[in-house]
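Structure file my_file21.txt with compact mmCIF, C-alpha atoms:
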```txt
# COMPACT_ATOMS: atom_id res chain seq x y z
CA MET A 1 149.22 -48.34 -38.69
CA THR A 2 149.56 -47.86 -42.46
CA VAL A 3 147.32 -48.90 -45.32
CA ASP A 4 148.76 -48.64 -48.85
CA GLY A 5 151.48 -46.38 -47.51
CA GLU A 6 149.09 -43.97 -45.76
CA ALA A 7 148.98 -43.59 -41.99
CA VAL A 8 145.74 -44.61 -40.29
CA ARG A 9 145.18 -43.42 -36.73
CA LEU A 10 144.19 -46.16 -34.32
CA LYS A 11 141.22 -45.45 -32.04
CA SER A 12 142.26 -44.35 -28.57
CA GLU A 13 140.67 -43.48 -25.22
CA ALA A 14 139.82 -39.98 -26.48
CA ASP A 15 137.81 -41.41 -29.40
CA GLU A 16 135.51 -43.55 -27.28
CA PRO A 17 134.74 -41.93 -23.92
CA GLY A 18 131.94 -43.04 -21.62
CA TRP A 19 131.98 -46.76 -22.40
CA GLU A 20 132.70 -47.96 -18.89
CA VAL A 21 130.53 -50.17 -16.69
CA ASP A 22 128.93 -48.53 -13.64
CA ALA A 23 130.95 -49.38 -10.53
CA ASP A 24 127.88 -50.72 -8.68
CA ASP A 25 126.74 -52.90 -11.60
CA GLU A 26 127.95 -56.31 -10.42
CA TRP A 27 126.32 -58.27 -13.26
CA GLY A 28 127.60 -55.85 -15.88
CA LEU A 29 131.12 -55.98 -14.47
CA ALA A 30 131.02 -59.79 -14.52
CA VAL A 31 129.83 -59.89 -18.15
CA ILE A 32 132.47 -57.48 -19.39
CA ALA A 33 135.19 -59.29 -17.42
CA THR A 34 134.16 -62.59 -19.04
CA VAL A 35 134.08 -61.07 -22.54
CA GLY A 36 137.49 -59.48 -21.99
CA ARG A 37 138.97 -62.73 -20.70
CA GLN A 38 137.68 -64.66 -23.73
CA LEU A 39 139.13 -62.07 -26.09
CA LYS A 40 142.52 -62.24 -24.41
CA LEU A 41 142.60 -66.06 -24.42
CA ARG A 42 141.73 -66.20 -28.12
CA ARG A 43 144.28 -63.51 -28.99
CA GLU A 44 147.03 -65.35 -27.12
CA ALA A 45 145.97 -68.67 -28.68
CA VAL A 46 146.75 -67.35 -32.17
CA GLY A 47 150.03 -65.81 -31.01
CA LEU A 48 149.14 -62.11 -31.38
CA ARG A 49 150.46 -59.47 -29.03
CA ALA A 50 148.07 -56.78 -27.84
CA GLY A 51 149.66 -54.14 -30.06
CA GLU A 52 149.55 -56.39 -33.14
CA PHE A 53 145.94 -57.29 -32.50
CA GLY A 54 145.04 -53.62 -31.94
CA THR A 55 146.60 -52.69 -35.27
CA ALA A 56 144.59 -55.41 -37.00
CA VAL A 57 141.25 -54.22 -35.57
CA GLY A 58 142.04 -50.49 -35.72
CA TYR A 59 142.33 -49.86 -31.97
CA GLY A 60 145.18 -48.58 -29.84
CA GLU A 61 147.01 -50.96 -27.53
CA ASP A 62 145.69 -49.08 -24.49
CA LEU A 63 142.06 -49.81 -25.41
CA VAL A 64 142.83 -53.44 -26.19
CA TYR A 65 144.24 -53.90 -22.68
CA LYS A 66 141.28 -52.10 -21.09
CA ILE A 67 138.72 -54.21 -22.96
CA GLU A 68 140.55 -57.43 -22.16
CA GLY A 69 140.86 -56.35 -18.53
CA GLY A 70 137.11 -55.77 -18.20
CA LYS A 71 137.52 -52.02 -17.81
CA ARG A 72 135.75 -51.01 -21.00
CA ILE A 73 132.60 -52.07 -22.86
CA PRO A 74 133.64 -53.20 -26.37
CA ARG A 75 131.72 -51.76 -29.29
CA PHE A 76 129.98 -54.10 -31.69
CA GLU A 77 132.40 -53.23 -34.49
CA TYR A 78 135.29 -54.22 -32.21
CA LEU A 79 133.74 -57.63 -31.57
CA ASP A 80 133.01 -58.15 -35.27
CA LYS A 81 136.59 -57.30 -36.25
CA ALA A 82 137.99 -59.38 -33.42
CA ASP A 83 135.94 -62.36 -34.55
CA GLU A 84 137.35 -61.99 -38.07
CA VAL A 85 140.98 -61.40 -37.04
CA LEU A 86 140.95 -64.26 -34.52
CA ASN A 87 139.06 -66.58 -36.87
CA ALA A 88 136.53 -67.32 -34.13
CA GLY A 89 133.76 -68.44 -36.46
CA GLY A 90 131.12 -66.13 -34.97
CA LEU A 91 131.71 -67.06 -31.32
CA ILE A 92 133.04 -63.61 -30.40
CA ALA A 93 130.41 -61.78 -32.44
CA ALA A 94 127.77 -63.77 -30.56
CA MET A 95 128.81 -61.96 -27.37
CA LYS A 96 127.09 -58.84 -28.66
CA GLU A 97 123.76 -59.82 -27.11
CA ASP A 98 125.17 -59.75 -23.58
CA VAL A 99 127.28 -56.68 -24.28
CA LYS A 100 124.21 -54.90 -25.63
CA LYS A 101 122.45 -55.30 -22.28
CA VAL A 102 125.47 -54.08 -20.32
CA ARG A 103 125.53 -50.88 -22.38
CA TYR A 104 122.33 -49.78 -20.66
CA PRO A 105 122.48 -48.36 -17.10
CA LYS A 106 121.61 -50.89 -14.39
CA LYS A 107 118.58 -48.89 -13.23
CA VAL A 108 117.12 -49.00 -16.74
CA ARG A 109 117.83 -52.73 -17.11
CA ASP A 110 116.10 -53.46 -13.81
CA LEU A 111 113.03 -51.49 -14.88
CA ALA A 112 112.99 -53.16 -18.30
CA ALA A 113 113.14 -56.59 -16.63
CA LEU A 114 110.06 -55.76 -14.55
CA GLU A 115 108.19 -54.40 -17.58
CA ALA A 116 109.10 -57.51 -19.57
CA ARG A 117 107.15 -59.80 -17.23
CA ALA A 118 104.33 -57.46 -16.16
CA VAL A 119 100.80 -58.23 -17.33
CA GLU A 120 99.59 -54.75 -16.33
CA ILE A 121 101.54 -51.49 -16.34
CA GLY A 122 100.10 -48.19 -15.14
CA VAL A 123 102.09 -44.95 -15.32
CA TYR A 124 101.27 -41.37 -14.35
CA GLU A 125 103.81 -38.69 -15.29
CA CYS A 126 103.59 -35.16 -13.98
CA CYS A 127 106.61 -33.53 -15.67
CA ASN A 128 107.47 -35.59 -18.75
CA ILE A 129 105.95 -37.88 -21.32
CA ALA A 130 106.41 -41.44 -20.04
CA GLY A 131 109.57 -43.13 -21.31
CA LEU A 132 107.56 -45.97 -22.88
CA LEU A 133 105.86 -43.35 -25.06
CA GLN A 134 108.83 -41.20 -26.07
CA THR A 135 110.27 -41.06 -29.57
CA PRO A 136 114.09 -41.23 -29.76
CA GLU A 137 114.20 -37.58 -30.80
CA HIS A 138 112.03 -36.48 -27.87
CA ALA A 139 114.09 -38.55 -25.43
CA ARG A 140 117.31 -37.04 -26.78
CA ALA A 141 115.96 -33.49 -26.49
CA LEU A 142 114.92 -34.11 -22.88
CA LEU A 143 118.24 -35.67 -21.88
CA GLU A 144 120.17 -32.86 -23.56
CA SER A 145 118.53 -30.42 -21.14
CA TRP A 146 119.80 -32.17 -18.01
CA GLN A 147 122.59 -30.72 -15.87
CA PRO A 148 125.38 -31.58 -15.57
CA ALA A 149 125.39 -32.42 -19.27
CA TYR A 150 125.92 -35.99 -20.41
CA SER A 151 128.84 -36.76 -22.68
CA PRO A 152 127.76 -37.47 -26.29
CA GLU A 153 128.42 -41.19 -25.80
CA ASP A 154 126.52 -41.38 -22.52
CA LEU A 155 123.65 -39.39 -24.02
CA GLU A 156 123.25 -41.86 -26.89
CA ARG A 157 123.58 -44.76 -24.45
CA ARG A 158 120.68 -43.45 -22.38
CA VAL A 159 118.51 -42.67 -25.41
CA ALA A 160 119.06 -46.19 -26.74
CA ALA A 161 118.25 -47.67 -23.33
CA ARG A 162 114.99 -45.73 -23.08
CA VAL A 163 113.87 -46.72 -26.57
CA ALA A 164 114.87 -50.37 -26.04
CA ARG A 165 112.27 -50.67 -23.26
CA GLN A 166 109.55 -50.18 -25.86
CA VAL A 167 109.85 -53.81 -26.95
CA VAL A 168 107.05 -54.21 -24.40
CA TYR A 169 104.66 -53.35 -27.28
CA GLU A 170 105.88 -56.38 -29.22
CA ARG A 171 105.08 -58.90 -26.51
CA SER A 172 102.52 -61.62 -27.07
CA PRO A 173 100.21 -61.84 -25.26
CA ALA A 174 100.32 -58.08 -24.93
CA PRO A 175 100.24 -56.53 -21.44
CA ALA A 176 97.55 -54.03 -20.49
CA LEU A 177 99.11 -50.56 -20.48
CA SER A 178 97.63 -47.36 -19.12
CA PHE A 179 99.18 -43.90 -19.11
CA VAL A 180 98.11 -40.53 -17.72
CA LEU A 181 100.00 -37.46 -18.97
CA GLU A 182 99.65 -33.85 -17.94
CA GLU A 183 98.36 -31.46 -20.61
CA GLY A 184 101.01 -28.95 -19.54
CA THR A 185 103.72 -31.48 -20.41
CA LEU A 186 102.27 -31.94 -23.89
CA ARG A 187 102.23 -28.19 -24.47
CA ARG A 188 105.87 -27.73 -23.47
CA SER A 189 108.13 -27.15 -26.48
CA VAL A 190 110.62 -30.01 -26.40
CA GLY A 191 112.98 -30.41 -29.35
CA GLY A 192 111.31 -28.06 -31.81
CA THR A 193 108.36 -28.36 -34.18
CA MET A 194 109.27 -31.57 -36.02
CA VAL A 195 110.18 -33.40 -32.81
CA ARG A 196 106.87 -32.34 -31.24
CA ARG A 197 104.88 -33.44 -34.30
CA GLN A 198 106.57 -36.84 -34.34
CA GLN A 199 105.90 -37.23 -30.62
CA PHE A 200 102.20 -36.38 -30.98
CA GLU A 201 101.93 -38.85 -33.88
CA ARG A 202 103.57 -41.51 -31.72
CA LEU A 203 101.13 -40.85 -28.87
CA LEU A 204 98.19 -41.20 -31.24
CA GLU A 205 99.61 -44.41 -32.70
CA VAL A 206 100.15 -46.02 -29.30
CA GLY A 207 96.94 -44.60 -27.81
CA ARG A 208 94.89 -46.40 -30.48
CA LEU A 209 96.30 -49.85 -29.66
CA ASN A 210 93.74 -52.25 -28.20
CA ASN A 211 95.85 -52.95 -25.10
CA VAL A 212 96.67 -49.29 -24.34
CA THR A 213 94.64 -46.66 -22.49
CA LEU A 214 96.05 -43.15 -22.85
CA GLN A 215 94.59 -40.27 -20.87
CA VAL A 216 95.43 -36.60 -20.44
CA MET A 217 95.01 -34.65 -17.22
CA PRO A 218 93.62 -31.25 -18.31
CA MET A 219 95.31 -28.09 -17.11
CA ASN A 220 92.08 -26.90 -15.47
CA SER A 221 91.74 -30.04 -13.33
CA ALA A 222 91.42 -29.91 -9.56
CA PRO A 223 94.44 -30.79 -7.39
CA HIS A 224 95.04 -34.55 -7.41
CA PRO A 225 97.25 -37.19 -5.70
CA GLY A 226 99.82 -37.20 -8.52
CA MET A 227 100.96 -33.64 -8.03
CA SER A 228 103.83 -34.80 -5.84
CA GLY A 229 105.39 -36.84 -8.64
CA ARG A 230 105.33 -39.88 -10.88
CA ILE A 231 103.41 -43.05 -10.00
CA GLU A 232 104.05 -46.51 -11.49
CA VAL A 233 102.27 -49.77 -10.74
CA LEU A 234 103.30 -53.06 -12.36
CA LYS A 235 101.32 -56.27 -11.84
CA PHE A 236 102.55 -59.78 -12.62
CA GLU A 237 100.93 -63.04 -13.67
CA ASP A 238 101.49 -64.67 -10.28
CA GLY A 239 99.42 -62.00 -8.54
CA THR A 240 102.35 -60.03 -7.15
CA ALA A 241 103.00 -56.39 -7.96
CA VAL A 242 105.57 -53.61 -7.62
CA GLY A 243 104.85 -49.91 -7.30
CA ARG A 244 106.83 -46.70 -7.10
CA SER A 245 106.04 -43.06 -6.52
CA ASP A 246 108.27 -39.99 -6.37
CA GLY A 247 106.15 -38.69 -3.53
CA ALA A 248 105.96 -41.81 -1.34
CA PHE A 249 108.14 -44.49 0.24
CA ASN A 250 111.36 -42.63 -0.65
CA GLY A 251 110.67 -43.14 -4.35
CA ARG A 252 111.85 -46.75 -4.20
CA PRO A 253 110.04 -49.72 -5.79
CA THR A 254 107.89 -51.48 -3.21
CA PRO A 255 106.15 -54.88 -3.27
CA ASP A 256 104.49 -54.26 0.12
CA PRO A 257 100.72 -54.91 -0.23
CA LYS A 258 99.75 -52.03 2.06
CA GLN A 259 101.88 -49.54 0.19
CA LEU A 260 100.67 -50.89 -3.15
CA ARG A 261 97.05 -50.32 -2.12
CA ILE A 262 97.92 -46.68 -1.43
CA LEU A 263 99.55 -46.26 -4.84
CA GLU A 264 96.66 -48.01 -6.60
CA LEU A 265 94.18 -45.72 -4.81
CA ARG A 266 96.13 -42.65 -5.90
CA TYR A 267 96.51 -43.89 -9.48
CA GLY A 268 92.81 -44.79 -9.68
CA THR A 269 91.86 -41.30 -8.49
CA ILE A 270 94.15 -39.73 -11.09
CA ARG A 271 92.60 -41.79 -13.89
CA ALA A 272 89.10 -40.85 -12.73
CA LEU A 273 89.94 -37.13 -12.88
CA ALA A 274 91.72 -37.29 -16.26
CA LEU A 275 89.97 -36.91 -19.60
CA PRO A 276 88.49 -40.14 -21.02
CA PRO A 277 90.66 -41.86 -23.66
CA GLY A 278 88.60 -40.60 -26.62
CA GLU A 279 88.74 -36.98 -25.46
CA SER A 280 92.43 -37.36 -24.66
CA LEU A 281 93.26 -38.52 -28.19
CA ALA A 282 91.13 -35.69 -29.59
CA LEU A 283 93.16 -33.20 -27.55
CA ILE A 284 96.43 -34.67 -28.82
CA GLU A 285 95.12 -34.44 -32.40
CA GLN A 286 94.27 -30.81 -31.74
CA LEU A 287 97.78 -30.12 -30.43
CA LEU A 288 99.24 -31.85 -33.49
CA GLY A 289 97.19 -29.60 -35.73
CA GLU A 290 98.42 -26.52 -33.86
CA THR A 291 102.06 -27.51 -34.16
```
Please express what this file holds, its structure, as structure tokens.
Amino acid sequence: MTVDGEAVRLKSEADEPGWEVDADDEWGLAVIATVGRQLKLRREAVGLRAGEFGTAVGYGEDLVYKIEGGKRIPRFEYLDKADEVLNAGGLIAAMKEDVKKVRYPKKVRDLAALEARAVEIGVYECCNIAGLLQTPEHARALLESWQPAYSPEDLERRVAARVARQVVYERSPAPALSFVLEEGTLRRSVGGTMVRRQQFERLLEVGRLNNVTLQVMPMNSAPHPGMSGRIEVLKFEDGTAVGRSDGAFNGRPTPDPKQLRILELRYGTIRALALPPGESLALIEQLLGET
């Protein structure tokens, strides 16, 4: 491709790694297949070959075929350029909402869907700050420490997915949220001084919301039921609930009333042993001052 006599390199597979749909994500695969099919039909309707269209949008022919074949998740800029080149009047650009959801891993989407309709959410974390409380910088620093390492594209995809779940704070009416974090987790140096300061400020901001209860389990506490791993309990308006614990029921979400009672008992015991909300926020303020 040339512009004003100068060569412009078209984007290829090497430029955009990690934008594939998970093989077990049936809904995601269906969405991307539909988007790709619509792109191909519109391209053929205006008489453009794949190579010609790729040149017009700045992408190599190989990526054009992969996107149209439902093998790749198109970027937003691709859809915007395609809409313009194909004179679609905004119909292609409008696909970005569905594509945006597919970008996030299925496991995260499923969790976000539960959080979106829950009227009560309770979370205890033993090793990390809960995802609903993390700043983007803190989330990135955590994910960068995982092995094997994520590709840069996959890393940003997962950070964006984690932060996107925090729309739960914008819901009206607001759900009741409660969190219990371990003091040891707060004292761990994640991401450096500025990242830690921003994270403490975020915890204080969220912890002061009327619908949020934030507690800290002190390091000198007695052994408690959460020491085997994370506990989550989500309750819905119709009276049903879903719970999950790393240390029970194989770590899978369970709606079983008997198992839920066990998780609620454990979570209630953890909250009773943790510092009260006022003392918890005071501790976080102290840690902020020490950072």
Under the rule that only C-alpha atoms are counted, which of A:Pro175, A:Cys126, A:Ala282, A:Asn210 is the nearest residue to Asp246 (chain A)?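 Of all the options, A:Cys126 lies closest to Asp246 (chain A).
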I want to know what sits within 12 Å of Glu84 (chain A), based on all atoms listed in the file, with residues of the same chain fewer than 6 positions away left out; could you give that as a PyMOL selection string? chain A and resi 42-43+53+56-57+77-78+90-93
Between CA of Ile121 (chain A) and CA of Glu264 (chain A), what distance in Å does the model show, to one decimal?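 Answer for the CA of Ile121 (chain A) to CA of Glu264 (chain A) separation: 11.4 Å.
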I'd like the contact shell of region 224-228 of chain A - 12 Å cut-off, only C-alpha atoms, skipping same-chain residues fewer than 3 positions apart - returned as a VMD selection string. chain A and resid 123 to 127 180 to 182 217 to 221 231 to 232 244 to 248 251 262 to 274
At a cut-off of 6 Å, using all atoms listed in the file, what residues contact Val233 (chain A)? Leave out same-chain residues fewer than 6 positions from it and give the result as a PyMOL selection string. chain A and resi 121-122+242-243
Interatomic distance, CA of Leu143 (chain A) to CA of Leu177 (chain A) (Å, one decimal):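 It comes out at 24.3 Å.
Among the candidate residues A:Ser172, A:Ser12, A:Thr291, A:Thr254, the one lying nearest to Glu61 (chain A) is A:Ser12, with distances computed using only C-alpha atoms.
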Residues within 12 Å of (108.5, -27.0, -26.3), counting only C-alpha atoms, listed as a list in words: Asn128, His138, Ala141, Leu142, Ser145, Gly184, Thr185, Leu186, Arg187, Arg188, Ser189, Val190, Gly191, Gly192, Thr193, Met194, Val195, Arg196, Arg197, Gln199, Leu287 and Thr291 of chain A
Residue with smallest distance to Gly54 (chain A) - pool A:Ile73, A:Ala33, A:Leu79, A:Leu10, counting only C-alpha atoms: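 Ranking A:Ile73, A:Ala33, A:Leu79, A:Leu10 by distance to Gly54 (chain A), first place goes to A:Leu10.
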Which residues come within 12 Å of Glu170 (chain A), counting all atoms listed in the file, excluding same-chain residues fewer than 6 positions away, as a list in words? Ala116, Ala164, Val206, Leu209 and Asn211 of chain A
Just give me the gap between CA of Lys40 (chain A) and CA of Ala94 (chain A) in Å, one decimal is fine. 16.1 Å
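Counting all atoms listed in the file and comparing A:Leu214, A:Leu132, A:Ala45, A:Val85, the residue that lies closest to Leu111 (chain A) is A:Leu132.
Shown here are all protein and nucleic acid residues lying within 8 Å of (122.5, -53.6, -11.2), with all atoms listed in the file considered: A:Asp24, A:Asp25, A:Glu26, A:Trp27, A:Gly28, A:Pro105, A:Lys106, A:Lys107, A:Arg109, A:Asp110.
Each of A:Leu48, A:Leu114, A:Met95, A:Ala88 was checked against Gly36 (chain A) using all atoms listed in the file; the smallest atom-to-atom distance is that of A:Met95.
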Ranking A:Asp98, A:Pro276, A:Gly207, A:Gly229 by minimum distance to Asn250 (chain A) and counting only C-alpha atoms, which one comes first?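 Between A:Asp98, A:Pro276, A:Gly207, A:Gly229, the residue approaching Asn250 (chain A) most closely is A:Gly229.
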I'd like the box whose edges run along x, y and z of the file and which contains every listed atom of region 111-118 of chain A, padded by 3 Å per side; could you state its centre and edge lengths in Å, one decimal, as AutoDock Vina command-line options?
```
--center_x 108.7 --center_y -55.6 --center_z -17.1 --size_x 14.8 --size_y 14.3 --size_z 11.0
```
All residues 8 Å or closer to Glu115 (chain A), all atoms listed in the file, same chain fewer than 5 positions away omitted, as a list in words: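 Residues meeting the cut-off are Ile121, Arg165, Val168 and Leu234 of chain A.
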